[in-house]
>>> print(open('start-v9.txt').read())   # compact mmCIF, C-alpha atoms and all ligand atoms
# COMPACT_ATOMS: atom_id res chain seq x y z
CA MET C 293 32.44 8.17 -4.31
CA SER C 294 30.70 11.31 -3.13
CA ASP C 295 27.01 11.08 -2.43
CA PRO C 296 25.23 11.80 -5.73
CA ASN C 297 22.02 12.67 -3.94
CA PRO C 298 22.71 14.88 -0.94
CA ILE C 299 19.04 15.37 -0.13
CA HIS C 300 18.68 11.64 0.57
CA PRO C 301 21.91 10.54 2.22
CA ALA C 302 23.46 7.33 0.95
CA SER C 303 23.65 5.99 4.46
CA PRO C 304 20.78 5.15 6.76
CA ALA C 305 19.20 8.33 8.00
CA PRO C 306 18.31 8.71 11.66
CA ASP C 307 15.15 7.10 13.00
CA GLY C 308 11.97 8.44 11.50
CA ALA C 309 13.81 10.35 8.79
CA ALA C 310 11.50 11.01 5.90
CA LEU C 311 11.39 12.96 2.71
CA PRO C 312 11.69 16.69 2.98
CA HIS C 313 8.13 17.76 3.64
CA THR C 314 5.91 16.87 0.71
CA THR C 315 2.60 18.54 0.11
CA TYR C 316 -0.80 17.22 -0.90
CA SER C 317 -3.40 19.07 -2.95
CA LYS C 318 -6.88 18.86 -1.48
CA THR C 319 -8.18 16.50 -4.17
CA LEU C 320 -10.03 14.05 -1.92
CA ILE C 321 -12.42 16.22 0.06
CA GLY C 322 -15.72 14.45 0.77
CA GLN C 323 -14.28 11.04 -0.13
CA PRO C 324 -13.98 8.69 2.85
CA ALA C 325 -11.11 6.25 2.47
CA LEU C 326 -10.29 2.96 4.17
CA VAL C 327 -6.65 1.88 4.40
CA THR C 328 -5.83 -1.61 5.66
CA GLY C 329 -2.74 -2.18 7.76
CA ALA C 330 -2.68 1.55 8.42
CA ASN C 331 -1.02 1.52 11.83
CA SER C 332 2.54 1.26 10.53
CA GLY C 333 4.83 1.62 7.53
CA ILE C 334 3.34 2.29 4.12
CA GLY C 335 -0.24 2.01 5.38
CA ARG C 336 0.34 4.61 8.06
CA ALA C 337 1.89 7.09 5.62
CA THR C 338 -0.91 6.47 3.14
CA ALA C 339 -3.65 7.04 5.72
CA ILE C 340 -2.00 10.32 6.70
CA GLY C 341 -1.35 11.33 3.09
CA LEU C 342 -4.96 10.72 2.01
CA ALA C 343 -6.14 12.69 5.04
CA ARG C 344 -3.82 15.55 4.06
CA ALA C 345 -5.48 15.43 0.65
CA GLY C 346 -8.83 15.94 2.39
CA ALA C 347 -10.20 12.41 2.83
CA ASP C 348 -11.82 11.12 6.00
CA VAL C 349 -9.88 7.96 6.85
CA VAL C 350 -10.55 4.56 8.39
CA VAL C 351 -7.30 3.37 9.93
CA ASN C 352 -7.46 -0.43 9.92
CA TYR C 353 -5.18 -2.52 12.11
CA VAL C 354 -5.02 -6.04 13.45
CA THR C 355 -2.50 -5.76 16.30
CA ASP C 356 -1.32 -2.85 18.45
CA PRO C 357 -4.47 -0.72 18.79
CA GLN C 358 -2.50 2.15 20.32
CA SER C 359 -0.47 2.64 17.14
CA ALA C 360 -3.71 2.87 15.13
CA GLU C 361 -5.14 5.37 17.59
CA ASP C 362 -1.91 7.38 17.25
CA VAL C 363 -2.35 7.55 13.46
CA ALA C 364 -5.98 8.60 13.87
CA HIS C 365 -4.92 11.22 16.39
CA GLU C 366 -2.17 12.55 14.11
CA ILE C 367 -4.80 13.04 11.40
CA THR C 368 -6.97 15.10 13.75
CA THR C 369 -4.01 17.38 14.55
CA PHE C 370 -4.19 18.88 11.05
CA GLY C 371 -7.98 19.01 10.98
CA GLY C 372 -8.75 15.61 9.42
CA ARG C 373 -11.27 13.03 10.55
CA ALA C 374 -10.25 9.46 11.26
CA ILE C 375 -11.40 6.34 13.05
CA ALA C 376 -9.35 3.26 13.93
CA LEU C 377 -11.10 -0.05 13.20
CA PRO C 378 -9.74 -3.53 13.84
CA ALA C 379 -10.04 -6.45 11.40
CA ASP C 380 -7.86 -9.32 10.33
CA VAL C 381 -8.14 -8.93 6.57
CA SER C 382 -7.82 -12.68 6.05
CA LYS C 383 -11.10 -13.29 7.94
CA GLU C 384 -14.29 -12.73 5.99
CA ASP C 385 -16.55 -11.95 8.96
CA GLU C 386 -14.10 -9.37 10.34
CA VAL C 387 -13.70 -7.66 6.96
CA VAL C 388 -17.45 -7.51 6.34
CA ALA C 389 -18.04 -6.11 9.85
CA MET C 390 -15.29 -3.49 9.43
CA PHE C 391 -16.69 -2.20 6.12
CA ALA C 392 -20.18 -2.01 7.65
CA LYS C 393 -18.82 0.01 10.58
CA ALA C 394 -16.87 2.27 8.23
CA VAL C 395 -19.99 3.06 6.19
CA ASP C 396 -21.96 3.55 9.36
CA HIS C 397 -19.39 6.04 10.62
CA PHE C 398 -18.59 8.08 7.49
CA GLY C 399 -21.79 7.45 5.49
CA THR C 400 -20.00 5.80 2.55
CA LEU C 401 -16.56 5.00 1.13
CA HIS C 402 -14.98 6.27 -2.10
CA ILE C 403 -11.42 4.98 -1.73
CA VAL C 404 -10.04 1.68 -0.47
CA VAL C 405 -6.31 1.03 -0.22
CA SER C 406 -5.84 -2.70 0.25
CA ASN C 407 -2.42 -2.48 1.83
CA ALA C 408 -2.12 -4.95 4.71
CA GLY C 409 0.68 -7.39 4.04
CA LEU C 410 3.38 -9.42 5.71
CA GLN C 411 6.36 -11.67 5.06
CA ARG C 412 7.15 -15.13 6.47
CA ASP C 413 10.47 -15.80 4.78
CA SER C 414 12.01 -19.23 4.43
CA PRO C 415 14.20 -21.28 2.11
CA PHE C 416 11.71 -23.07 -0.13
CA THR C 417 12.47 -26.62 0.98
CA GLN C 418 11.91 -25.60 4.60
CA MET C 419 8.84 -23.47 4.05
CA THR C 420 5.96 -24.68 6.18
CA LEU C 421 2.36 -24.80 5.06
CA GLU C 422 1.64 -22.36 7.87
CA GLN C 423 4.15 -19.84 6.48
CA TRP C 424 2.62 -20.28 3.03
CA ASN C 425 -0.98 -19.99 4.23
CA THR C 426 -0.31 -16.98 6.45
CA VAL C 427 1.20 -14.97 3.61
CA ILE C 428 -1.37 -15.99 1.01
CA GLY C 429 -4.16 -15.45 3.56
CA VAL C 430 -3.24 -11.86 4.38
CA ASN C 431 -1.59 -10.67 1.17
CA LEU C 432 -3.90 -12.27 -1.40
CA THR C 433 -7.11 -13.52 0.22
CA GLY C 434 -7.12 -10.34 2.32
CA GLN C 435 -7.03 -8.27 -0.87
CA PHE C 436 -9.84 -10.38 -2.36
CA LEU C 437 -12.04 -9.82 0.69
CA CYS C 438 -11.36 -6.09 1.00
CA THR C 439 -11.62 -5.26 -2.69
CA ARG C 440 -14.85 -7.28 -2.92
CA GLU C 441 -16.44 -5.27 -0.10
CA ALA C 442 -15.20 -2.05 -1.70
CA ALA C 443 -16.64 -3.02 -5.08
CA ARG C 444 -20.00 -3.93 -3.54
CA ILE C 445 -20.27 -0.51 -1.90
CA PHE C 446 -19.07 1.45 -4.93
CA LYS C 447 -21.31 -0.45 -7.37
CA ALA C 448 -24.41 -0.10 -5.19
CA ARG C 449 -23.87 3.66 -4.78
CA GLY C 450 -22.46 4.76 -8.14
CA VAL C 451 -20.98 8.11 -9.02
CA VAL C 452 -21.71 11.03 -6.72
CA PRO C 453 -21.59 14.19 -8.88
CA GLY C 454 -19.42 16.90 -7.42
CA VAL C 455 -17.44 14.45 -5.30
CA SER C 456 -15.61 12.34 -7.89
CA VAL C 457 -16.18 11.42 -11.53
CA ALA C 458 -15.57 7.75 -10.62
CA ALA C 459 -17.88 5.58 -8.55
CA GLY C 460 -14.94 4.49 -6.43
CA LYS C 461 -11.23 3.87 -6.45
CA ILE C 462 -9.49 0.68 -5.34
CA ILE C 463 -5.73 0.66 -4.86
CA CYS C 464 -3.99 -2.67 -4.28
CA MET C 465 -0.61 -2.59 -2.57
CA SER C 466 1.56 -4.86 -4.65
CA SER C 467 5.37 -5.01 -4.78
CA VAL C 468 8.22 -5.11 -7.24
CA HIS C 469 7.97 -8.83 -6.44
CA GLN C 470 4.84 -9.13 -8.55
CA GLN C 471 7.49 -9.14 -11.27
CA ILE C 472 10.90 -9.86 -9.71
CA PRO C 473 11.33 -13.46 -8.54
CA TRP C 474 12.59 -13.63 -4.94
CA ALA C 475 14.46 -16.66 -3.63
CA GLY C 476 13.67 -17.36 -0.01
CA HIS C 477 10.35 -15.52 -0.35
CA ALA C 478 8.33 -17.77 -2.68
CA ASN C 479 5.15 -17.30 -0.66
CA TYR C 480 5.46 -13.51 -0.74
CA ALA C 481 6.30 -13.29 -4.47
CA ALA C 482 3.44 -15.69 -5.28
CA SER C 483 1.04 -13.54 -3.26
CA LYS C 484 2.08 -10.37 -5.10
CA GLY C 485 1.95 -12.07 -8.50
CA GLY C 486 -1.59 -13.04 -7.52
CA VAL C 487 -2.41 -9.47 -6.53
CA MET C 488 -1.37 -8.30 -10.00
CA LEU C 489 -3.90 -10.49 -11.84
CA LEU C 490 -6.57 -10.04 -9.18
CA MET C 491 -6.20 -6.28 -9.69
CA LYS C 492 -6.28 -6.47 -13.51
CA SER C 493 -9.20 -8.90 -13.60
CA ILE C 494 -11.38 -6.83 -11.33
CA ALA C 495 -10.31 -3.63 -13.10
CA GLN C 496 -11.66 -5.15 -16.31
CA GLU C 497 -14.86 -6.29 -14.62
CA LEU C 498 -15.58 -3.08 -12.72
CA ALA C 499 -14.62 -0.48 -15.35
CA PRO C 500 -18.16 -0.36 -16.82
CA TYR C 501 -19.38 0.75 -13.39
CA HIS C 502 -16.79 3.56 -13.35
CA ILE C 503 -14.87 1.90 -10.56
CA ARG C 504 -11.13 2.24 -11.08
CA VAL C 505 -8.75 -0.43 -9.82
CA ASN C 506 -4.98 0.05 -9.81
CA ALA C 507 -1.92 -1.15 -7.94
CA VAL C 508 1.12 0.52 -6.48
CA ALA C 509 4.24 -1.63 -6.52
CA PRO C 510 6.78 -0.35 -3.99
CA GLY C 511 10.43 -1.25 -4.12
CA ALA C 512 12.55 -1.03 -0.99
CA ILE C 513 10.79 1.36 1.36
CA ARG C 514 12.05 2.26 4.83
CA THR C 515 9.52 0.36 6.98
CA PRO C 516 9.65 -2.30 9.69
CA ILE C 517 9.01 -5.14 7.18
CA ASN C 518 12.53 -4.87 5.73
CA GLN C 519 14.42 -3.22 8.57
CA SER C 520 17.35 -5.62 8.24
CA ALA C 521 17.89 -4.38 4.66
CA TRP C 522 18.51 -0.73 5.63
CA SER C 523 19.29 -0.37 9.32
CA THR C 524 23.06 -0.78 9.11
CA PRO C 525 25.43 1.02 6.74
CA GLU C 526 26.59 -2.34 5.30
CA ALA C 527 23.05 -3.54 4.61
CA TYR C 528 22.11 -0.15 3.14
CA ALA C 529 25.13 -0.20 0.80
CA ASP C 530 24.15 -3.69 -0.37
CA LEU C 531 20.57 -2.60 -0.91
CA MET C 532 21.71 0.36 -3.03
CA LYS C 533 23.24 -2.09 -5.54
CA LEU C 534 19.61 -2.91 -6.42
CA VAL C 535 18.39 0.70 -6.60
CA PRO C 536 19.58 2.82 -9.56
CA TYR C 537 18.19 6.00 -7.97
CA LYS C 538 20.51 5.41 -4.98
CA ARG C 539 18.22 6.10 -2.11
CA ILE C 540 15.78 4.01 -0.15
CA GLY C 541 12.13 4.84 -0.64
CA GLU C 542 10.23 6.58 2.11
CA PRO C 543 6.65 5.64 3.04
CA ASP C 544 5.51 9.05 1.79
CA ASP C 545 6.75 8.19 -1.72
CA ILE C 546 4.05 5.52 -1.75
CA ALA C 547 1.43 7.70 -0.08
CA GLN C 548 1.84 10.32 -2.83
CA ALA C 549 1.30 7.69 -5.53
CA CYS C 550 -1.83 6.46 -3.74
CA ALA C 551 -3.20 9.99 -3.41
CA TRP C 552 -2.79 10.50 -7.15
CA LEU C 553 -4.40 7.18 -8.06
CA ALA C 554 -7.28 7.97 -5.70
CA SER C 555 -7.89 11.38 -7.28
CA ASP C 556 -9.72 12.40 -10.44
CA ALA C 557 -6.34 13.49 -11.85
CA SER C 558 -5.82 9.81 -12.76
CA ASP C 559 -9.38 9.25 -13.97
CA TYR C 560 -8.39 7.49 -17.21
CA VAL C 561 -6.04 5.09 -15.41
CA THR C 562 -7.38 1.66 -14.52
CA GLY C 563 -5.77 -1.77 -14.41
CA ALA C 564 -2.32 -0.22 -14.09
CA THR C 565 0.54 -0.96 -11.76
CA LEU C 566 2.52 2.11 -10.78
CA PHE C 567 6.04 1.03 -9.80
CA VAL C 568 7.47 3.32 -7.13
CA ASP C 569 10.85 1.71 -6.77
CA GLY C 570 13.74 4.05 -7.66
CA GLY C 571 14.34 1.88 -10.72
CA MET C 572 14.58 -1.48 -8.96
CA THR C 573 12.66 -3.11 -11.81
CA LEU C 574 15.10 -1.75 -14.42
CA TYR C 575 17.48 -4.76 -14.15
CA PRO C 576 20.20 -2.70 -12.43
CA GLY C 577 22.82 -5.40 -13.05
CA PHE C 578 22.64 -4.56 -16.75
CA ALA C 579 23.87 -1.01 -16.14
CA THR C 580 27.38 -2.46 -16.25
CA GLY C 581 26.86 -5.94 -17.70
CA GLY C 582 25.12 -7.91 -20.42
C1 LIG O 601 9.31 -6.28 0.48
C2 LIG O 601 10.55 -5.72 1.12
C3 LIG O 601 11.67 -5.58 0.10
C4 LIG O 601 11.19 -4.89 -1.17
C5 LIG O 601 12.25 -4.88 -2.26
C6 LIG O 601 8.97 -5.45 -0.72
O1 LIG O 601 7.77 -5.87 -1.31
O2 LIG O 601 8.25 -6.31 1.42
O3 LIG O 601 10.95 -6.55 2.19
O4 LIG O 601 12.73 -4.83 0.67
O5 LIG O 601 10.03 -5.52 -1.65
O6 LIG O 601 12.85 -6.12 -2.43
>>> encode(input="start-v9.txt", output="structure tokens", more="lines below")
Ligand code: BGC
Amino acid sequence: MSDPNPIHPASPAPDGAALPHTTYSKTLIGQPALVTGANSGIGRATAIGLARAGADVVVNYVTDPQSAEDVAHEITTFGGRAIALPADVSKEDEVVAMFAKAVDHFGTLHIVVSNAGLQRDSPFTQMTLEQWNTVIGVNLTGQFLCTREAARIFKARGVVPGVSVAAGKIICMSSVHQQIPWAGHANYAASKGGVMLLMKSIAQELAPYHIRVNAVAPGAIRTPINQSAWSTPEAYADLMKLVPYKRIGEPDDIAQACAWLASDASDYVTGATLFVDGGMTLYPGFATGG
């Protein structure tokens, strides 16, 4: 079959291949943002995307400081301001200290993208408590700790007229696996299911303070976390059976969604999950069955 989407080849693109250049409107000027896990993958693209939209950005990382410095440096190359700050999001003292440093550096925060996440995959009967705790600790407890700090700052400060009509925007990085069960990844799917109701519950609680809370749920995105699913032509072809739109997602697809949810253009949106998945949640098997 010929490639139905020549812009995004149906075979793995060369290293670092991304979407044809996408643009960002300057909707986030004067709104410092903190992105967790921003030294690689989706977090990296989101930090850069928010900076392109005008935000000053805190680039959080836990390992590989050089990669975080590289992201911060890339932001300065197009005139943005960024600082790299370490913190393991599963550790309360580190999260609290990072948010304090962020506020110290940029004066305040208006946007927090709680993105840091990982996988520790295992057949269920062999899954260790350590694998379970590591994934829940980073993916769910980490989101609790970071969104709580964000909410404290936003609630204490309130709306700043002329900057944004909301008092703050929280974006939780979820996954299609908040909805799609995933054998061999019970810890990961449980963490993302938890993120969904954490997000909705705090959206309900914080709406009266004009703090908006939403989630982005990526499908298969070309990042290191799922490299085995796209790095060979065979794996990529298999992956495409799950993606009606017939291309892998690029990190910038997610960054664009985050920039919109962080901007006043989405001001009436709270408690929502925006699936950015090329149709992965559309039960692709039913296109030819059922
Ligand atoms: C996972 C990836 C996976 C994708 C689609 C993501 O949340 O981290 O490993 O490729 O979901 O299944």
>>> axis_aligned_box(input="start-v9.txt", around="ligand LIG 601 (chain O)", padding_each_side="8 Å", output="lines of an AutoDock Vina configuration file")
center_x = 10.3
center_y = -5.7
center_z = -0.1
size_x = 21.1
size_y = 17.7
size_z = 20.6
>>> closest_residue(input="start-v9.txt", among="C:Ile546, C:Ala482, C:Ile472, C:Ile494", to="ligand LIG 601 (chain O)", atoms="only C-alpha atoms and all ligand atoms")
C:Ile472
>>> residues_near_ligand(input="start-v9.txt", ligand="ligand LIG 601 (chain O)", cutoff="6 Å", atoms="only C-alpha atoms and all ligand atoms", output="ChimeraX atom specification")
/C:467-469,511-512,517-518
>>> closest_residue(input="start-v9.txt", among="C:Pro510, C:Gly563, C:Gly570, C:Pro453", to="C:Leu489", atoms="all atoms listed in the file")
C:Gly563
>>> residues_around(input="start-v9.txt", residues="stretch 353-366 of chain C", least_positions_apart="3", cutoff="12 Å", atoms="only C-alpha atoms", output="PyMOL selection string")
chain C and resi 326-333+335-341+343-344+348-350+369-383+386-387+390+406-410+430
>>> residues_around(input="start-v9.txt", residues="C:Asp545", least_positions_apart="3", cutoff="10 Å", atoms="only C-alpha atoms", output="PyMOL selection string")
chain C and resi 310-311+314+334+337-338+341+510+513+541-542+548-550+568-569
>>> write_last_selection(input="start-v9.txt", atoms="C-alpha atoms", output="compact mmCIF listing (two decimals), in the frame of the given file")
# COMPACT_ATOMS: atom_id res chain seq x y z
CA ALA C 310 11.50 11.01 5.90
CA LEU C 311 11.39 12.96 2.71
CA THR C 314 5.91 16.87 0.71
CA ILE C 334 3.34 2.29 4.12
CA ALA C 337 1.89 7.09 5.62
CA THR C 338 -0.91 6.47 3.14
CA GLY C 341 -1.35 11.33 3.09
CA PRO C 510 6.78 -0.35 -3.99
CA ILE C 513 10.79 1.36 1.36
CA GLY C 541 12.13 4.84 -0.64
CA GLU C 542 10.23 6.58 2.11
CA GLN C 548 1.84 10.32 -2.83
CA ALA C 549 1.30 7.69 -5.53
CA CYS C 550 -1.83 6.46 -3.74
CA VAL C 568 7.47 3.32 -7.13
CA ASP C 569 10.85 1.71 -6.77
>>> atom_distance(input="start-v9.txt", atom1="atom CA of C:Leu534", atom2="atom CA of C:Leu342")
29.3 Å
>>> atom_distance(input="start-v9.txt", atom1="atom CA of C:Ile463", atom2="atom CA of C:Ala521")
26.0 Å
>>> residues_around(input="start-v9.txt", residues="C:Ala448", least_positions_apart="3", cutoff="10 Å", atoms="all atoms listed in the file", output="list in words")
Ala443, Arg444, Ile445, Val451, Ala459 and Tyr501 of chain C
>>> atom_distance(input="start-v9.txt", atom1="atom CA of C:Thr565", atom2="atom CA of C:Ala507")
4.5 Å
